[in-house]
Structure formats: C-alpha cells, structure tokens
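Just upload.txt here, compact mmCIF, N, CA and C atoms:
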# COMPACT_ATOMS: atom_id res chain seq x y z
N MET A 1 2.30 -20.26 11.46
CA MET A 1 2.09 -20.39 10.03
C MET A 1 1.02 -19.41 9.57
N GLU A 2 1.27 -18.76 8.44
CA GLU A 2 0.33 -17.77 7.92
C GLU A 2 -0.92 -18.46 7.38
N GLN A 3 -2.05 -17.85 7.67
CA GLN A 3 -3.32 -18.37 7.21
C GLN A 3 -4.00 -17.32 6.34
N PRO A 4 -4.78 -17.74 5.33
CA PRO A 4 -5.50 -16.76 4.51
C PRO A 4 -6.38 -15.83 5.33
N ALA A 5 -6.94 -16.35 6.42
CA ALA A 5 -7.80 -15.52 7.27
C ALA A 5 -7.03 -14.35 7.87
N ASP A 6 -5.73 -14.55 8.16
CA ASP A 6 -4.90 -13.45 8.68
C ASP A 6 -4.84 -12.32 7.67
N TYR A 7 -4.63 -12.66 6.41
CA TYR A 7 -4.55 -11.65 5.36
C TYR A 7 -5.90 -10.96 5.15
N LEU A 8 -6.97 -11.73 5.24
CA LEU A 8 -8.30 -11.13 5.10
C LEU A 8 -8.56 -10.11 6.21
N SER A 9 -8.18 -10.45 7.41
CA SER A 9 -8.37 -9.55 8.55
C SER A 9 -7.54 -8.28 8.40
N ILE A 10 -6.27 -8.44 8.02
CA ILE A 10 -5.41 -7.27 7.82
C ILE A 10 -5.96 -6.41 6.68
N GLY A 11 -6.34 -7.05 5.58
CA GLY A 11 -6.89 -6.31 4.45
C GLY A 11 -8.15 -5.55 4.80
N HIS A 12 -9.00 -6.18 5.58
CA HIS A 12 -10.23 -5.52 6.03
C HIS A 12 -9.90 -4.26 6.83
N ASP A 13 -8.92 -4.37 7.72
CA ASP A 13 -8.53 -3.22 8.53
C ASP A 13 -7.86 -2.14 7.69
N ILE A 14 -7.08 -2.52 6.69
CA ILE A 14 -6.43 -1.53 5.81
C ILE A 14 -7.48 -0.75 5.04
N ILE A 15 -8.43 -1.45 4.45
CA ILE A 15 -9.47 -0.77 3.67
C ILE A 15 -10.33 0.11 4.58
N GLY A 16 -10.75 -0.42 5.71
CA GLY A 16 -11.58 0.36 6.64
C GLY A 16 -10.83 1.59 7.15
N SER A 17 -9.56 1.43 7.48
CA SER A 17 -8.76 2.55 7.97
C SER A 17 -8.55 3.59 6.88
N SER A 18 -8.38 3.13 5.66
CA SER A 18 -8.22 4.07 4.53
C SER A 18 -9.46 4.92 4.36
N PHE A 19 -10.63 4.29 4.45
CA PHE A 19 -11.88 5.05 4.35
C PHE A 19 -12.02 6.02 5.52
N ASN A 20 -11.62 5.59 6.72
CA ASN A 20 -11.68 6.50 7.87
C ASN A 20 -10.84 7.75 7.63
N VAL A 21 -9.60 7.56 7.15
CA VAL A 21 -8.71 8.70 6.90
C VAL A 21 -9.30 9.59 5.81
N ARG A 22 -9.74 9.01 4.73
CA ARG A 22 -10.25 9.81 3.61
C ARG A 22 -11.52 10.55 4.02
N ASN A 23 -12.42 9.89 4.74
CA ASN A 23 -13.66 10.54 5.17
C ASN A 23 -13.39 11.69 6.14
N GLU A 24 -12.40 11.50 7.00
CA GLU A 24 -12.08 12.53 8.00
C GLU A 24 -11.31 13.70 7.38
N ALA A 25 -10.34 13.40 6.53
CA ALA A 25 -9.43 14.44 6.01
C ALA A 25 -9.82 14.97 4.64
N GLY A 26 -10.53 14.18 3.84
CA GLY A 26 -10.87 14.61 2.49
C GLY A 26 -9.69 14.50 1.55
N ARG A 27 -9.81 15.16 0.40
CA ARG A 27 -8.75 15.17 -0.62
C ARG A 27 -7.90 16.42 -0.48
N GLY A 28 -6.76 16.41 -1.18
CA GLY A 28 -5.98 17.63 -1.33
C GLY A 28 -4.82 17.83 -0.39
N LEU A 29 -4.58 16.89 0.51
CA LEU A 29 -3.45 17.02 1.43
C LEU A 29 -2.24 16.30 0.87
N ARG A 30 -1.10 16.48 1.50
CA ARG A 30 0.13 15.84 1.05
C ARG A 30 0.15 14.36 1.39
N GLU A 31 0.89 13.61 0.61
CA GLU A 31 1.00 12.16 0.80
C GLU A 31 1.48 11.79 2.21
N ILE A 32 2.43 12.53 2.73
CA ILE A 32 2.99 12.23 4.05
C ILE A 32 1.90 12.28 5.13
N PHE A 33 0.95 13.20 5.00
CA PHE A 33 -0.15 13.28 5.96
C PHE A 33 -0.95 11.98 5.93
N TYR A 34 -1.35 11.57 4.73
CA TYR A 34 -2.17 10.37 4.61
C TYR A 34 -1.42 9.13 5.10
N LYS A 35 -0.15 9.05 4.77
CA LYS A 35 0.67 7.91 5.19
C LYS A 35 0.68 7.79 6.71
N LYS A 36 0.93 8.90 7.38
CA LYS A 36 1.02 8.87 8.84
C LYS A 36 -0.35 8.69 9.50
N ALA A 37 -1.38 9.27 8.90
CA ALA A 37 -2.73 9.09 9.45
C ALA A 37 -3.19 7.64 9.30
N LEU A 38 -2.90 7.04 8.16
CA LEU A 38 -3.26 5.64 7.95
C LEU A 38 -2.49 4.74 8.90
N ALA A 39 -1.21 5.00 9.09
CA ALA A 39 -0.41 4.22 10.03
C ALA A 39 -1.01 4.31 11.44
N TRP A 40 -1.40 5.51 11.84
CA TRP A 40 -1.99 5.71 13.16
C TRP A 40 -3.29 4.91 13.30
N GLU A 41 -4.14 4.98 12.28
CA GLU A 41 -5.41 4.24 12.31
C GLU A 41 -5.16 2.74 12.48
N LEU A 42 -4.19 2.22 11.74
CA LEU A 42 -3.89 0.79 11.82
C LEU A 42 -3.31 0.41 13.17
N GLN A 43 -2.50 1.28 13.74
CA GLN A 43 -1.96 1.03 15.08
C GLN A 43 -3.09 0.99 16.11
N GLN A 44 -4.10 1.83 15.93
CA GLN A 44 -5.23 1.84 16.86
C GLN A 44 -6.01 0.53 16.80
N LYS A 45 -5.91 -0.17 15.69
CA LYS A 45 -6.57 -1.48 15.55
C LYS A 45 -5.67 -2.62 16.02
N GLY A 46 -4.51 -2.28 16.58
CA GLY A 46 -3.63 -3.28 17.16
C GLY A 46 -2.58 -3.86 16.23
N HIS A 47 -2.39 -3.26 15.07
CA HIS A 47 -1.40 -3.77 14.13
C HIS A 47 -0.01 -3.19 14.40
N ASP A 48 1.00 -4.00 14.10
CA ASP A 48 2.38 -3.53 14.13
C ASP A 48 2.61 -2.81 12.80
N VAL A 49 2.91 -1.53 12.86
CA VAL A 49 3.02 -0.71 11.66
C VAL A 49 4.39 -0.05 11.61
N GLN A 50 5.05 -0.18 10.47
CA GLN A 50 6.32 0.50 10.24
C GLN A 50 6.16 1.41 9.03
N ILE A 51 6.78 2.59 9.13
CA ILE A 51 6.72 3.58 8.05
C ILE A 51 8.11 3.69 7.41
N GLU A 52 8.11 3.89 6.08
CA GLU A 52 9.36 4.08 5.33
C GLU A 52 10.33 2.93 5.57
N VAL A 53 9.90 1.74 5.21
CA VAL A 53 10.67 0.52 5.45
C VAL A 53 11.58 0.24 4.26
N THR A 54 12.86 0.08 4.53
CA THR A 54 13.82 -0.22 3.48
C THR A 54 13.57 -1.62 2.94
N VAL A 55 13.46 -1.71 1.62
CA VAL A 55 13.31 -2.98 0.93
C VAL A 55 14.60 -3.18 0.14
N PRO A 56 15.47 -4.06 0.60
CA PRO A 56 16.75 -4.22 -0.08
C PRO A 56 16.60 -4.92 -1.43
N ALA A 57 17.52 -4.64 -2.32
CA ALA A 57 17.58 -5.30 -3.62
C ALA A 57 18.91 -6.04 -3.70
N VAL A 58 18.94 -7.07 -4.53
CA VAL A 58 20.17 -7.83 -4.70
C VAL A 58 20.64 -7.67 -6.14
N TYR A 59 21.89 -7.30 -6.29
CA TYR A 59 22.50 -7.17 -7.61
C TYR A 59 23.79 -7.98 -7.62
N LYS A 60 23.79 -9.04 -8.44
CA LYS A 60 24.95 -9.93 -8.57
C LYS A 60 25.48 -10.38 -7.20
N GLY A 61 24.52 -10.75 -6.35
CA GLY A 61 24.89 -11.26 -5.04
C GLY A 61 25.14 -10.19 -3.98
N ASN A 62 25.15 -8.94 -4.37
CA ASN A 62 25.38 -7.84 -3.42
C ASN A 62 24.05 -7.24 -3.00
N ILE A 63 23.89 -7.06 -1.70
CA ILE A 63 22.66 -6.45 -1.19
C ILE A 63 22.79 -4.94 -1.24
N ILE A 64 21.82 -4.31 -1.89
CA ILE A 64 21.77 -2.85 -1.98
C ILE A 64 20.69 -2.42 -0.99
N GLU A 65 21.13 -1.97 0.18
CA GLU A 65 20.22 -1.72 1.31
C GLU A 65 19.16 -0.65 1.04
N ASP A 66 19.56 0.47 0.53
CA ASP A 66 18.62 1.59 0.40
C ASP A 66 18.03 1.72 -1.00
N ALA A 67 17.85 0.61 -1.68
CA ALA A 67 17.35 0.65 -3.05
C ALA A 67 15.91 1.18 -3.11
N TYR A 68 15.09 0.74 -2.18
CA TYR A 68 13.68 1.12 -2.20
C TYR A 68 13.19 1.34 -0.77
N LYS A 69 12.13 2.14 -0.64
CA LYS A 69 11.49 2.33 0.66
C LYS A 69 9.98 2.19 0.50
N ALA A 70 9.44 1.20 1.18
CA ALA A 70 7.99 1.01 1.17
C ALA A 70 7.38 2.01 2.15
N ASP A 71 6.24 2.58 1.78
CA ASP A 71 5.59 3.57 2.64
C ASP A 71 5.21 2.99 3.99
N ILE A 72 4.48 1.87 3.97
CA ILE A 72 3.99 1.26 5.21
C ILE A 72 4.09 -0.26 5.09
N VAL A 73 4.51 -0.90 6.17
CA VAL A 73 4.46 -2.36 6.26
C VAL A 73 3.62 -2.68 7.49
N VAL A 74 2.62 -3.54 7.29
CA VAL A 74 1.69 -3.90 8.35
C VAL A 74 1.96 -5.34 8.79
N ASP A 75 2.17 -5.51 10.07
CA ASP A 75 2.38 -6.82 10.69
C ASP A 75 3.49 -7.62 10.01
N GLY A 76 4.46 -6.93 9.44
CA GLY A 76 5.59 -7.60 8.82
C GLY A 76 5.25 -8.45 7.62
N ARG A 77 4.06 -8.21 7.01
CA ARG A 77 3.68 -9.07 5.88
C ARG A 77 2.87 -8.41 4.77
N VAL A 78 2.41 -7.18 4.96
CA VAL A 78 1.63 -6.50 3.93
C VAL A 78 2.24 -5.12 3.68
N ILE A 79 2.45 -4.79 2.40
CA ILE A 79 3.00 -3.49 2.02
C ILE A 79 1.88 -2.59 1.54
N ILE A 80 1.93 -1.33 1.98
CA ILE A 80 0.99 -0.31 1.49
C ILE A 80 1.80 0.82 0.88
N GLU A 81 1.45 1.18 -0.33
CA GLU A 81 2.01 2.37 -0.96
C GLU A 81 0.91 3.42 -1.00
N THR A 82 1.18 4.58 -0.45
CA THR A 82 0.18 5.66 -0.44
C THR A 82 0.53 6.69 -1.50
N LYS A 83 -0.49 7.27 -2.08
CA LYS A 83 -0.35 8.32 -3.07
C LYS A 83 -1.38 9.41 -2.77
N ALA A 84 -1.14 10.58 -3.33
CA ALA A 84 -2.09 11.69 -3.20
C ALA A 84 -2.14 12.43 -4.54
N VAL A 85 -2.53 11.72 -5.59
CA VAL A 85 -2.59 12.26 -6.94
C VAL A 85 -3.98 12.04 -7.51
N SER A 86 -4.31 12.71 -8.61
CA SER A 86 -5.65 12.55 -9.16
C SER A 86 -5.85 11.16 -9.77
N LYS A 87 -4.83 10.64 -10.48
CA LYS A 87 -4.91 9.31 -11.08
C LYS A 87 -3.53 8.65 -11.01
N MET A 88 -3.54 7.33 -10.99
CA MET A 88 -2.28 6.58 -10.94
C MET A 88 -2.09 5.82 -12.24
N GLY A 89 -0.84 5.70 -12.65
CA GLY A 89 -0.53 4.98 -13.87
C GLY A 89 0.31 3.76 -13.61
N GLU A 90 0.92 3.28 -14.68
CA GLU A 90 1.74 2.08 -14.60
C GLU A 90 2.92 2.23 -13.65
N ALA A 91 3.49 3.42 -13.56
CA ALA A 91 4.67 3.62 -12.70
C ALA A 91 4.35 3.32 -11.25
N GLU A 92 3.21 3.75 -10.78
CA GLU A 92 2.82 3.51 -9.38
C GLU A 92 2.59 2.02 -9.13
N VAL A 93 1.98 1.36 -10.10
CA VAL A 93 1.73 -0.08 -9.96
C VAL A 93 3.06 -0.83 -9.97
N ARG A 94 3.94 -0.47 -10.90
CA ARG A 94 5.25 -1.13 -10.97
C ARG A 94 6.03 -0.97 -9.67
N GLN A 95 5.91 0.21 -9.06
CA GLN A 95 6.60 0.46 -7.80
C GLN A 95 6.17 -0.56 -6.74
N LEU A 96 4.87 -0.72 -6.56
CA LEU A 96 4.37 -1.67 -5.57
C LEU A 96 4.74 -3.11 -5.94
N LEU A 97 4.61 -3.46 -7.21
CA LEU A 97 4.95 -4.82 -7.62
C LEU A 97 6.43 -5.12 -7.40
N THR A 98 7.28 -4.13 -7.61
CA THR A 98 8.71 -4.29 -7.34
C THR A 98 8.94 -4.56 -5.86
N TYR A 99 8.28 -3.81 -5.00
CA TYR A 99 8.43 -4.01 -3.56
C TYR A 99 7.97 -5.40 -3.15
N LEU A 100 6.86 -5.84 -3.71
CA LEU A 100 6.36 -7.18 -3.39
C LEU A 100 7.35 -8.25 -3.84
N LYS A 101 7.87 -8.09 -5.03
CA LYS A 101 8.84 -9.07 -5.56
C LYS A 101 10.10 -9.12 -4.70
N LEU A 102 10.66 -7.96 -4.39
CA LEU A 102 11.91 -7.91 -3.63
C LEU A 102 11.74 -8.39 -2.20
N SER A 103 10.60 -8.08 -1.59
CA SER A 103 10.37 -8.43 -0.19
C SER A 103 9.90 -9.87 -0.01
N GLY A 104 9.25 -10.41 -1.05
CA GLY A 104 8.65 -11.73 -0.91
C GLY A 104 7.30 -11.71 -0.23
N PHE A 105 6.80 -10.52 0.10
CA PHE A 105 5.48 -10.41 0.72
C PHE A 105 4.43 -10.86 -0.29
N LYS A 106 3.32 -11.36 0.23
CA LYS A 106 2.28 -11.89 -0.63
C LYS A 106 1.18 -10.89 -0.97
N LEU A 107 1.08 -9.79 -0.22
CA LEU A 107 -0.05 -8.88 -0.40
C LEU A 107 0.40 -7.44 -0.31
N GLY A 108 -0.16 -6.61 -1.18
CA GLY A 108 0.14 -5.19 -1.16
C GLY A 108 -1.08 -4.37 -1.55
N TYR A 109 -1.12 -3.15 -1.06
CA TYR A 109 -2.21 -2.22 -1.39
C TYR A 109 -1.62 -0.93 -1.93
N LEU A 110 -2.22 -0.44 -2.99
CA LEU A 110 -1.88 0.85 -3.57
C LEU A 110 -3.08 1.75 -3.28
N ILE A 111 -2.86 2.74 -2.41
CA ILE A 111 -3.97 3.57 -1.94
C ILE A 111 -3.71 5.02 -2.33
N ASN A 112 -4.64 5.56 -3.12
CA ASN A 112 -4.52 6.92 -3.60
C ASN A 112 -5.57 7.81 -2.93
N PHE A 113 -5.13 8.57 -1.94
CA PHE A 113 -6.05 9.44 -1.21
C PHE A 113 -6.47 10.66 -2.02
N GLY A 114 -5.81 10.89 -3.13
CA GLY A 114 -6.15 12.01 -3.99
C GLY A 114 -7.20 11.68 -5.04
N ALA A 115 -7.60 10.43 -5.12
CA ALA A 115 -8.58 10.00 -6.12
C ALA A 115 -9.94 10.64 -5.86
N ARG A 116 -10.54 11.12 -6.91
CA ARG A 116 -11.89 11.69 -6.79
C ARG A 116 -12.88 10.61 -6.39
N ASN A 117 -12.72 9.44 -6.98
CA ASN A 117 -13.61 8.30 -6.74
C ASN A 117 -12.92 7.36 -5.76
N PHE A 118 -13.10 7.61 -4.47
CA PHE A 118 -12.40 6.81 -3.45
C PHE A 118 -13.19 5.55 -3.15
N THR A 119 -13.05 4.56 -4.03
CA THR A 119 -13.65 3.25 -3.86
C THR A 119 -12.58 2.21 -4.18
N THR A 120 -12.94 0.94 -4.09
CA THR A 120 -11.99 -0.10 -4.45
C THR A 120 -12.05 -0.35 -5.95
N GLY A 121 -10.89 -0.53 -6.55
CA GLY A 121 -10.79 -0.83 -7.97
C GLY A 121 -10.27 -2.24 -8.18
N ARG A 122 -10.11 -2.59 -9.45
CA ARG A 122 -9.58 -3.91 -9.81
C ARG A 122 -8.29 -3.73 -10.61
N MET A 123 -7.39 -4.68 -10.45
CA MET A 123 -6.14 -4.63 -11.21
C MET A 123 -6.41 -4.60 -12.71
N SER A 124 -7.52 -5.17 -13.14
CA SER A 124 -7.85 -5.23 -14.56
C SER A 124 -8.44 -3.92 -15.09
N ASP A 125 -8.66 -2.93 -14.22
CA ASP A 125 -9.15 -1.63 -14.68
C ASP A 125 -8.12 -1.03 -15.64
N PRO A 126 -8.59 -0.25 -16.62
CA PRO A 126 -7.63 0.37 -17.55
C PRO A 126 -6.88 1.52 -16.86
N PHE A 127 -5.66 1.76 -17.33
CA PHE A 127 -4.89 2.90 -16.83
C PHE A 127 -5.42 4.17 -17.47
N PRO A 128 -5.32 5.32 -16.82
CA PRO A 128 -4.82 5.46 -15.45
C PRO A 128 -5.88 5.03 -14.44
N TYR A 129 -5.41 4.50 -13.33
CA TYR A 129 -6.31 4.08 -12.26
C TYR A 129 -6.92 5.32 -11.62
N ASP A 130 -8.24 5.39 -11.59
CA ASP A 130 -8.89 6.58 -11.03
C ASP A 130 -9.62 6.32 -9.72
N LYS A 131 -9.57 5.08 -9.24
CA LYS A 131 -10.19 4.78 -7.94
C LYS A 131 -9.15 4.88 -6.85
N GLY A 132 -9.55 4.75 -5.61
CA GLY A 132 -8.64 4.99 -4.50
C GLY A 132 -7.86 3.81 -3.97
N ILE A 133 -8.42 2.59 -4.05
CA ILE A 133 -7.79 1.45 -3.38
C ILE A 133 -7.68 0.27 -4.34
N TYR A 134 -6.45 -0.22 -4.49
CA TYR A 134 -6.19 -1.39 -5.33
C TYR A 134 -5.38 -2.40 -4.53
N ARG A 135 -5.77 -3.68 -4.63
CA ARG A 135 -5.07 -4.76 -3.92
C ARG A 135 -4.29 -5.58 -4.94
N PHE A 136 -3.05 -5.94 -4.57
CA PHE A 136 -2.21 -6.75 -5.44
C PHE A 136 -1.71 -7.96 -4.66
N VAL A 137 -1.77 -9.12 -5.29
CA VAL A 137 -1.31 -10.36 -4.69
C VAL A 137 -0.06 -10.80 -5.42
N ASN A 138 0.99 -11.09 -4.66
CA ASN A 138 2.26 -11.55 -5.21
C ASN A 138 2.19 -13.06 -5.35
N LYS A 139 2.22 -13.53 -6.57
CA LYS A 139 2.15 -14.97 -6.83
C LYS A 139 3.56 -15.51 -7.01
N ILE A 140 4.29 -15.55 -5.93
CA ILE A 140 5.69 -15.99 -5.95
C ILE A 140 5.79 -17.41 -6.45
What does this structure look like when you write it as structure tokens?
Amino acid sequence: MEQPADYLSIGHDIIGSSFNVRNEAGRGLREIFYKKALAWELQQKGHDVQIEVTVPAVYKGNIIEDAYKADIVVDGRVIIETKAVSKMGEAEVRQLLTYLKLSGFKLGYLINFGARNFTTGRMSDPFPYDKGIYRFVNKI
C-alpha cells in the first residue's frame, strides 16, 4: 500500500537529482540531455526509472495507445516532465496535468532546466512560470 512517506522520499530524490543535473550541466542544453541525465541520477539513487512512457487515452471506450508520452516515470507512480526553455506557460502545465489525469498517478513534477532562476516554485505563481521546479498533486 502506498504511503505518503514514499512520495516524500521520491520527491526529495527528484528535487535533489534535478539540482545535481542543473549544477553540473548548467543552462542551455537540449531537453533530451537533461531528461537522460535526470533519469541516470535517479537510477543511481535506486529508483526504477522509465523514459518516454506511453500514457494511453480512452476515447468512447477505445484505448488510444500512443496519445501521449511522459518524459520520465519514477517507481511506477510519479511523472516528470522536463523542459529546457526560459519560461513555461499554461501549455506545459496542461501537458503534465493531462498525463496525471490519464495515468491516475497522484504526483508529478514539471522541471525546467532552462530556467534562469532554478529554484522551486508554487502552482499559484503567475504565468509564465520562471522557476525551475514545480510539483503537482492529482486530486483524483
């Protein structure tokens, strides 16, 4: 059975690993680099990490297999979307929220390695999001 402490531990490792990648690599690289570097960091901490995970959608009872692809799934329960842009807007947030809704996962992170201000932000921050790490909870 899932416990809140499990999510806290995974979240702690995601945030710490994100800072490790950003501190080591800096800004200005392609998203694919950050995605794979973050996955590697999380694997080093003992997490089961999958990259480019298909998130199926259902339309009128039909499963559409390749509708969406989540950047990273950690331990089969947390989705991470990585970006490498200066600021993120509503479209990036909607993307992650869609993945959370379709997958039924309870927790997701939107991580922008291109942000000038690589700190944690809040969902209530005004758009465009200019910080590096945002956490979203799916209230199914």
Once 6 Å is added on each side, what are the centre and the three edge lengths, in Å to one decimal, of the axis-aligned box enclosing the listed atoms of region 119-134 of chain A? Present them as JSON.
{"center_x": -9.2, "center_y": 0.7, "center_z": -10.5, "size_x": 20.8, "size_y": 23.8, "size_z": 26.2}
**Message:** To test your reading of the structure, identify every residue in chain A that backbone DSSP assigns to strand (DSSP E), and report it as a PyMOL selection string.
**Reply:** chain A and resi 49-59+62-74+78-83+107-112+117-120+131-137
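Checking A:Lys35, A:Arg116, A:Gly76, A:Gly61 one by one against His47 (chain A), counting all atoms listed in the file, you find the shortest gap at A:Gly76.
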**Asked** Contacts of Phe105 (chain A) at 8 Å or less, counting only N, CA and C atoms, minus same-chain residues fewer than 2 places along, as an NGL selection string?
**Response** :A and (76-79 or 99-103 or 107-108 or 137-140)
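Atom C of Leu38 (chain A) lies 11.0 Å from atom C of Thr82 (chain A).
If you look at atom N of Lys87 (chain A) and atom C of Asn117 (chain A), they are 9.9 Å away from each other.
Near region 120-126 of chain A, within 8 Å and counting only N, CA and C atoms, sit Met88, Gly89, Lys131, Gly132, Ile133, Tyr134, Arg135 and Phe136 of chain A, not including residues fewer than 5 positions from it in the same chain.
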**Message:** as JSON, numbers by chain, please: the residues near region 14-22 of chain A (cut-off 8 Å, only C-alpha atoms, same-chain neighbours under 2 positions excluded).
**Reply:** {"A": [10, 11, 12, 24, 25, 26, 27, 34, 37, 38, 41, 42, 111, 113, 118, 133]}
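Nearest to Ala84 (chain A) of all the residues A:Asp48, A:Asp130, A:Gly114, A:Asp71 is A:Gly114, counting only C-alpha atoms.
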**Item:** Selected residue of minimal separation from Gln50 (chain A) among A:Asp66, A:Asp6, A:Glu31, A:Asp75, counting only N, CA and C atoms
**Value:** A:Asp75
